[in-house]
file coords.cif (mmCIF, C-alpha atoms)
data_data
loop_
_atom_site.group_PDB
_atom_site.id
_atom_site.type_symbol
_atom_site.label_atom_id
_atom_site.label_comp_id
_atom_site.auth_asym_id
_atom_site.auth_seq_id
_atom_site.Cartn_x
_atom_site.Cartn_y
_atom_site.Cartn_z
ATOM 1 C CA MET A 22 -125.299 38.736 137.110
ATOM 2 C CA ILE A 23 -126.094 36.642 134.051
ATOM 3 C CA VAL A 24 -123.721 33.664 133.851
ATOM 4 C CA PRO A 25 -123.501 31.556 130.693
ATOM 5 C CA ILE A 26 -122.910 27.906 131.534
ATOM 6 C CA ALA A 27 -122.325 24.762 129.465
ATOM 7 C CA SER A 28 -121.048 21.221 129.803
ATOM 8 C CA ASP A 29 -120.342 18.096 127.862
ATOM 9 C CA HIS A 30 -122.197 14.864 128.635
ATOM 10 C CA ALA A 31 -119.795 13.891 131.427
ATOM 11 C CA GLY A 32 -120.396 17.202 133.192
ATOM 12 C CA PHE A 33 -124.154 17.347 132.693
ATOM 13 C CA GLU A 34 -125.151 16.493 136.274
ATOM 14 C CA ALA A 35 -122.528 18.834 137.747
ATOM 15 C CA LYS A 36 -123.804 21.632 135.472
ATOM 16 C CA GLU A 37 -127.348 21.133 136.714
ATOM 17 C CA LYS A 38 -126.128 21.404 140.319
ATOM 18 C CA ALA A 39 -123.991 24.458 139.495
ATOM 19 C CA LYS A 40 -127.032 26.217 137.999
ATOM 20 C CA LYS A 41 -128.925 25.755 141.248
ATOM 21 C CA ILE A 42 -125.993 27.110 143.261
ATOM 22 C CA LEU A 43 -125.712 30.152 140.978
ATOM 23 C CA GLU A 44 -129.435 30.832 141.404
ATOM 24 C CA LYS A 45 -129.156 30.581 145.199
ATOM 25 C CA LEU A 46 -126.344 33.154 145.031
ATOM 26 C CA GLY A 47 -128.643 35.526 143.137
ATOM 27 C CA HIS A 48 -127.231 34.983 139.638
ATOM 28 C CA THR A 49 -129.073 34.029 136.464
ATOM 29 C CA PRO A 50 -127.490 31.074 134.678
ATOM 30 C CA VAL A 51 -128.087 30.821 130.935
ATOM 31 C CA ASP A 52 -127.734 27.180 129.888
ATOM 32 C CA TYR A 53 -126.046 26.603 126.518
ATOM 33 C CA GLY A 54 -126.189 22.816 126.807
ATOM 34 C CA THR A 55 -125.835 19.981 126.735
ATOM 35 C CA HIS A 56 -129.327 19.190 127.923
ATOM 36 C CA SER A 57 -128.881 15.472 128.634
ATOM 37 C CA PRO A 58 -126.175 12.978 129.571
ATOM 38 C CA ASP A 59 -126.105 11.648 125.984
ATOM 39 C CA SER A 60 -122.677 11.708 124.323
ATOM 40 C CA VAL A 61 -121.721 15.026 122.667
ATOM 41 C CA ASP A 62 -118.630 16.872 121.420
ATOM 42 C CA TYR A 63 -117.543 19.350 124.115
ATOM 43 C CA PRO A 64 -116.265 22.048 121.693
ATOM 44 C CA ASP A 65 -119.809 22.635 120.427
ATOM 45 C CA TYR A 66 -120.765 23.891 123.897
ATOM 46 C CA ALA A 67 -117.476 25.467 124.981
ATOM 47 C CA ILE A 68 -117.502 27.700 121.905
ATOM 48 C CA GLN A 69 -120.926 29.155 122.694
ATOM 49 C CA VAL A 70 -119.983 30.261 126.213
ATOM 50 C CA SER A 71 -116.464 31.328 125.212
ATOM 51 C CA GLU A 72 -117.745 33.599 122.448
ATOM 52 C CA LYS A 73 -120.160 35.316 124.855
ATOM 53 C CA VAL A 74 -117.389 36.016 127.381
ATOM 54 C CA ASN A 75 -114.731 36.882 124.802
ATOM 55 C CA SER A 76 -117.001 39.488 123.191
ATOM 56 C CA GLY A 77 -117.626 41.151 126.551
ATOM 57 C CA GLU A 78 -121.330 40.324 126.519
ATOM 58 C CA HIS A 79 -120.786 38.547 129.856
ATOM 59 C CA ASP A 80 -118.061 39.017 132.453
ATOM 60 C CA LEU A 81 -117.553 35.325 133.129
ATOM 61 C CA GLY A 82 -118.844 31.901 132.241
ATOM 62 C CA VAL A 83 -118.810 28.364 133.564
ATOM 63 C CA LEU A 84 -117.693 25.348 131.512
ATOM 64 C CA ILE A 85 -117.845 21.817 132.918
ATOM 65 C CA CYS A 86 -116.610 18.549 131.430
ATOM 66 C CA GLY A 87 -115.425 15.182 132.657
ATOM 67 C CA SER A 88 -111.785 16.137 133.192
ATOM 68 C CA GLY A 89 -111.980 19.915 132.806
ATOM 69 C CA GLN A 90 -109.048 19.863 130.417
ATOM 70 C CA GLY A 91 -110.996 19.921 127.167
ATOM 71 C CA MET A 92 -113.179 22.859 128.128
ATOM 72 C CA CYS A 93 -110.148 24.813 129.372
ATOM 73 C CA MET A 94 -108.230 24.191 126.167
ATOM 74 C CA MET A 95 -111.166 25.343 124.073
ATOM 75 C CA ALA A 96 -111.838 28.457 126.176
ATOM 76 C CA ASN A 97 -108.160 29.432 126.180
ATOM 77 C CA LYS A 98 -108.199 29.714 122.390
ATOM 78 C CA TYR A 99 -109.986 33.042 122.893
ATOM 79 C CA PRO A 100 -107.772 36.066 123.644
ATOM 80 C CA ASN A 101 -109.921 37.531 126.446
ATOM 81 C CA ILE A 102 -110.396 34.287 128.370
ATOM 82 C CA ARG A 103 -108.261 32.451 130.887
ATOM 83 C CA GLY A 104 -109.782 29.090 131.698
ATOM 84 C CA ALA A 105 -108.395 27.081 134.594
ATOM 85 C CA LEU A 106 -109.209 23.998 136.595
#

call {"tool": "encode", "arguments": {"input": "coords.cif", "output": "structure tokens"}}
result
Amino acid sequence: MIVPIASDHAGFEAKEKAKKILEKLGHTPVDYGTHSPDSVDYPDYAIQVSEKVNSGEHDLGVLICGSGQGMCMMANKYPNIRGAL
């Protein structure tokens, strides 16, 4: 399964670990960023994954941020997504 994944700067290291876990489970993660621990705005990355899942292009996605709250709030703005911690 192809799994879109993204994080903000606070979740960057966790995202990198999650990608490895997904690969070990036989999935193909597609990384939408961020690509470093430098400060970024989480909505820029949450939107990319959320649009892919909301459109039905992918069945699920993974969003990671420092608290988890921001990514969930952004993802839940889409009608076909239910983000949770």

call {"tool": "closest_residue", "arguments": {"input": "coords.cif", "among": "A:Ser88, A:Glu78, A:Val51, A:Lys73", "to": "Leu106 (chain A)", "atoms": "all atoms listed in the file"}}
result
A:Ser88

call {"tool": "residues_around", "arguments": {"input": "coords.cif", "residues": "Ala27 (chain A)", "least_positions_apart": "3", "cutoff": "7 Å", "atoms": "only C-alpha atoms", "output": "ChimeraX atom specification"}}
result
/A:36,52-55,66-67,70,83-85

call {"tool": "residues_around", "arguments": {"input": "coords.cif", "residues": "Leu81 (chain A)", "least_positions_apart": "5", "cutoff": "8 Å", "atoms": "all atoms listed in the file", "output": "number ranges by chain"}}
result
A: 24-25, 74

call {"tool": "write_last_selection", "arguments": {"input": "coords.cif", "atoms": "C-alpha atoms", "output": "PDB file, in the coordinates of the input"}}
result
ATOM      1  CA  VAL A  24    -123.721  33.664 133.851  1.00  0.00           C
ATOM      2  CA  PRO A  25    -123.501  31.556 130.693  1.00  0.00           C
ATOM      3  CA  VAL A  74    -117.389  36.016 127.381  1.00  0.00           C
TER       4      VAL A  74
END

call {"tool": "closest_residue", "arguments": {"input": "coords.cif", "among": "A:Lys41, A:His79, A:His30, A:Lys98", "to": "His56 (chain A)", "atoms": "only C-alpha atoms"}}
result
A:His30

call {"tool": "resolve_selection", "arguments": {"input": "coords.cif", "expression": "the PyMOL selection byres ((chain A and resi 64) around 10)", "output": "compact mmCIF listing (two decimals) with C-alpha atoms, keeping the file's coordinate frame"}}
result
# COMPACT_ATOMS: atom_id res chain seq x y z
CA SER A 28 -121.05 21.22 129.80
CA ASP A 29 -120.34 18.10 127.86
CA VAL A 61 -121.72 15.03 122.67
CA ASP A 62 -118.63 16.87 121.42
CA TYR A 63 -117.54 19.35 124.12
CA ASP A 65 -119.81 22.64 120.43
CA TYR A 66 -120.76 23.89 123.90
CA ALA A 67 -117.48 25.47 124.98
CA ILE A 68 -117.50 27.70 121.90
CA GLN A 69 -120.93 29.16 122.69
CA SER A 71 -116.46 31.33 125.21
CA GLY A 91 -111.00 19.92 127.17
CA MET A 92 -113.18 22.86 128.13
CA MET A 94 -108.23 24.19 126.17
CA MET A 95 -111.17 25.34 124.07
CA ALA A 96 -111.84 28.46 126.18

call {"tool": "residues_around", "arguments": {"input": "coords.cif", "residues": "Glu44 (chain A)", "least_positions_apart": "5", "cutoff": "12 Å", "atoms": "all atoms listed in the file", "output": "list in words"}}
result
Met22, Ile23, Val24, Glu37, Lys38, Ala39, Thr49, Pro50 and Val51 of chain A

call {"tool": "atom_distance", "arguments": {"input": "coords.cif", "atom1": "CA of Asn97 (chain A)", "atom2": "CA of Lys45 (chain A)"}}
result
28.4 Å

call {"tool": "closest_residue", "arguments": {"input": "coords.cif", "among": "A:Pro58, A:Asn75, A:Tyr99, A:Ala105", "to": "Ala35 (chain A)", "atoms": "only C-alpha atoms"}}
result
A:Pro58

call {"tool": "atom_distance", "arguments": {"input": "coords.cif", "atom1": "CA of Ala31 (chain A)", "atom2": "CA of Asp80 (chain A)"}}
result
25.2 Å

call {"tool": "atom_distance", "arguments": {"input": "coords.cif", "atom1": "CA of Lys40 (chain A)", "atom2": "CA of Gly87 (chain A)"}}
result
16.9 Å

call {"tool": "closest_residue", "arguments": {"input": "coords.cif", "among": "A:Asp59, A:Gly104, A:Cys86, A:Ile26", "to": "Leu43 (chain A)", "atoms": "only C-alpha atoms"}}
result
A:Ile26

call {"tool": "build_atoms", "arguments": {"input": "coords.cif", "residues": "region 59-83 of chain A", "atoms": "N, CA, C and O atoms", "output": "PDB file, in the frame of the given file"}}
result
ATOM      1  N   ASP A  59    -126.461  12.356 127.218  1.00  0.00           N
ATOM      2  CA  ASP A  59    -126.105  11.648 125.984  1.00  0.00           C
ATOM      3  C   ASP A  59    -124.798  12.201 125.421  1.00  0.00           C
ATOM      4  O   ASP A  59    -124.523  13.394 125.513  1.00  0.00           O
ATOM      5  N   SER A  60    -124.000  11.353 124.830  1.00  0.00           N
ATOM      6  CA  SER A  60    -122.677  11.708 124.323  1.00  0.00           C
ATOM      7  C   SER A  60    -122.722  12.873 123.326  1.00  0.00           C
ATOM      8  O   SER A  60    -123.564  12.901 122.425  1.00  0.00           O
ATOM      9  N   VAL A  61    -121.820  13.853 123.538  1.00  0.00           N
ATOM     10  CA  VAL A  61    -121.721  15.026 122.667  1.00  0.00           C
ATOM     11  C   VAL A  61    -120.249  15.409 122.513  1.00  0.00           C
ATOM     12  O   VAL A  61    -119.381  14.910 123.214  1.00  0.00           O
ATOM     13  N   ASP A  62    -119.969  16.320 121.598  1.00  0.00           N
ATOM     14  CA  ASP A  62    -118.630  16.872 121.420  1.00  0.00           C
ATOM     15  C   ASP A  62    -118.527  18.163 122.223  1.00  0.00           C
ATOM     16  O   ASP A  62    -119.239  19.134 121.948  1.00  0.00           O
ATOM     17  N   TYR A  63    -117.630  18.194 123.213  1.00  0.00           N
ATOM     18  CA  TYR A  63    -117.543  19.350 124.115  1.00  0.00           C
ATOM     19  C   TYR A  63    -117.282  20.674 123.412  1.00  0.00           C
ATOM     20  O   TYR A  63    -117.784  21.711 123.856  1.00  0.00           O
ATOM     21  N   PRO A  64    -116.517  20.736 122.302  1.00  0.00           N
ATOM     22  CA  PRO A  64    -116.265  22.048 121.693  1.00  0.00           C
ATOM     23  C   PRO A  64    -117.538  22.769 121.257  1.00  0.00           C
ATOM     24  O   PRO A  64    -117.597  24.000 121.301  1.00  0.00           O
ATOM     25  N   ASP A  65    -118.557  22.011 120.861  1.00  0.00           N
ATOM     26  CA  ASP A  65    -119.809  22.635 120.427  1.00  0.00           C
ATOM     27  C   ASP A  65    -120.401  23.527 121.518  1.00  0.00           C
ATOM     28  O   ASP A  65    -121.021  24.550 121.231  1.00  0.00           O
ATOM     29  N   TYR A  66    -120.194  23.157 122.766  1.00  0.00           N
ATOM     30  CA  TYR A  66    -120.765  23.891 123.897  1.00  0.00           C
ATOM     31  C   TYR A  66    -119.780  24.904 124.472  1.00  0.00           C
ATOM     32  O   TYR A  66    -120.171  25.997 124.866  1.00  0.00           O
ATOM     33  N   ALA A  67    -118.510  24.540 124.478  1.00  0.00           N
ATOM     34  CA  ALA A  67    -117.476  25.467 124.981  1.00  0.00           C
ATOM     35  C   ALA A  67    -117.409  26.716 124.117  1.00  0.00           C
ATOM     36  O   ALA A  67    -117.241  27.830 124.633  1.00  0.00           O
ATOM     37  N   ILE A  68    -117.561  26.565 122.830  1.00  0.00           N
ATOM     38  CA  ILE A  68    -117.502  27.700 121.905  1.00  0.00           C
ATOM     39  C   ILE A  68    -118.604  28.709 122.204  1.00  0.00           C
ATOM     40  O   ILE A  68    -118.359  29.916 122.224  1.00  0.00           O
ATOM     41  N   GLN A  69    -119.804  28.243 122.463  1.00  0.00           N
ATOM     42  CA  GLN A  69    -120.926  29.155 122.694  1.00  0.00           C
ATOM     43  C   GLN A  69    -120.682  30.055 123.898  1.00  0.00           C
ATOM     44  O   GLN A  69    -120.888  31.269 123.828  1.00  0.00           O
ATOM     45  N   VAL A  70    -120.249  29.471 125.008  1.00  0.00           N
ATOM     46  CA  VAL A  70    -119.983  30.261 126.213  1.00  0.00           C
ATOM     47  C   VAL A  70    -118.755  31.136 126.012  1.00  0.00           C
ATOM     48  O   VAL A  70    -118.748  32.316 126.357  1.00  0.00           O
ATOM     49  N   SER A  71    -117.709  30.582 125.417  1.00  0.00           N
ATOM     50  CA  SER A  71    -116.464  31.328 125.212  1.00  0.00           C
ATOM     51  C   SER A  71    -116.682  32.561 124.344  1.00  0.00           C
ATOM     52  O   SER A  71    -116.110  33.627 124.619  1.00  0.00           O
ATOM     53  N   GLU A  72    -117.484  32.445 123.315  1.00  0.00           N
ATOM     54  CA  GLU A  72    -117.745  33.599 122.448  1.00  0.00           C
ATOM     55  C   GLU A  72    -118.491  34.697 123.198  1.00  0.00           C
ATOM     56  O   GLU A  72    -118.232  35.884 123.000  1.00  0.00           O
ATOM     57  N   LYS A  73    -119.413  34.317 124.075  1.00  0.00           N
ATOM     58  CA  LYS A  73    -120.160  35.316 124.855  1.00  0.00           C
ATOM     59  C   LYS A  73    -119.235  36.078 125.808  1.00  0.00           C
ATOM     60  O   LYS A  73    -119.347  37.291 125.955  1.00  0.00           O
ATOM     61  N   VAL A  74    -118.319  35.375 126.445  1.00  0.00           N
ATOM     62  CA  VAL A  74    -117.389  36.016 127.381  1.00  0.00           C
ATOM     63  C   VAL A  74    -116.326  36.799 126.620  1.00  0.00           C
ATOM     64  O   VAL A  74    -116.007  37.936 126.969  1.00  0.00           O
ATOM     65  N   ASN A  75    -115.780  36.216 125.581  1.00  0.00           N
ATOM     66  CA  ASN A  75    -114.731  36.882 124.802  1.00  0.00           C
ATOM     67  C   ASN A  75    -115.207  38.206 124.220  1.00  0.00           C
ATOM     68  O   ASN A  75    -114.460  39.181 124.187  1.00  0.00           O
ATOM     69  N   SER A  76    -116.457  38.267 123.797  1.00  0.00           N
ATOM     70  CA  SER A  76    -117.001  39.488 123.191  1.00  0.00           C
ATOM     71  C   SER A  76    -117.302  40.573 124.221  1.00  0.00           C
ATOM     72  O   SER A  76    -117.573  41.709 123.860  1.00  0.00           O
ATOM     73  N   GLY A  77    -117.299  40.195 125.502  1.00  0.00           N
ATOM     74  CA  GLY A  77    -117.626  41.151 126.551  1.00  0.00           C
ATOM     75  C   GLY A  77    -119.100  41.195 126.891  1.00  0.00           C
ATOM     76  O   GLY A  77    -119.512  41.967 127.748  1.00  0.00           O
ATOM     77  N   GLU A  78    -119.895  40.366 126.224  1.00  0.00           N
ATOM     78  CA  GLU A  78    -121.330  40.324 126.519  1.00  0.00           C
ATOM     79  C   GLU A  78    -121.577  39.897 127.971  1.00  0.00           C
ATOM     80  O   GLU A  78    -122.509  40.363 128.620  1.00  0.00           O
ATOM     81  N   HIS A  79    -120.717  38.997 128.464  1.00  0.00           N
ATOM     82  CA  HIS A  79    -120.786  38.547 129.856  1.00  0.00           C
ATOM     83  C   HIS A  79    -119.399  38.618 130.468  1.00  0.00           C
ATOM     84  O   HIS A  79    -118.397  38.418 129.781  1.00  0.00           O
ATOM     85  N   ASP A  80    -119.343  38.884 131.765  1.00  0.00           N
ATOM     86  CA  ASP A  80    -118.061  39.017 132.453  1.00  0.00           C
ATOM     87  C   ASP A  80    -117.359  37.686 132.676  1.00  0.00           C
ATOM     88  O   ASP A  80    -116.137  37.625 132.703  1.00  0.00           O
ATOM     89  N   LEU A  81    -118.131  36.642 132.881  1.00  0.00           N
ATOM     90  CA  LEU A  81    -117.553  35.325 133.129  1.00  0.00           C
ATOM     91  C   LEU A  81    -118.522  34.259 132.691  1.00  0.00           C
ATOM     92  O   LEU A  81    -119.693  34.530 132.423  1.00  0.00           O
ATOM     93  N   GLY A  82    -118.022  33.037 132.610  1.00  0.00           N
ATOM     94  CA  GLY A  82    -118.844  31.901 132.241  1.00  0.00           C
ATOM     95  C   GLY A  82    -118.360  30.667 132.969  1.00  0.00           C
ATOM     96  O   GLY A  82    -117.267  30.659 133.539  1.00  0.00           O
ATOM     97  N   VAL A  83    -119.160  29.623 132.917  1.00  0.00           N
ATOM     98  CA  VAL A  83    -118.810  28.364 133.564  1.00  0.00           C
ATOM     99  C   VAL A  83    -118.867  27.260 132.517  1.00  0.00           C
ATOM    100  O   VAL A  83    -119.875  27.106 131.822  1.00  0.00           O
TER     101      VAL A  83
END
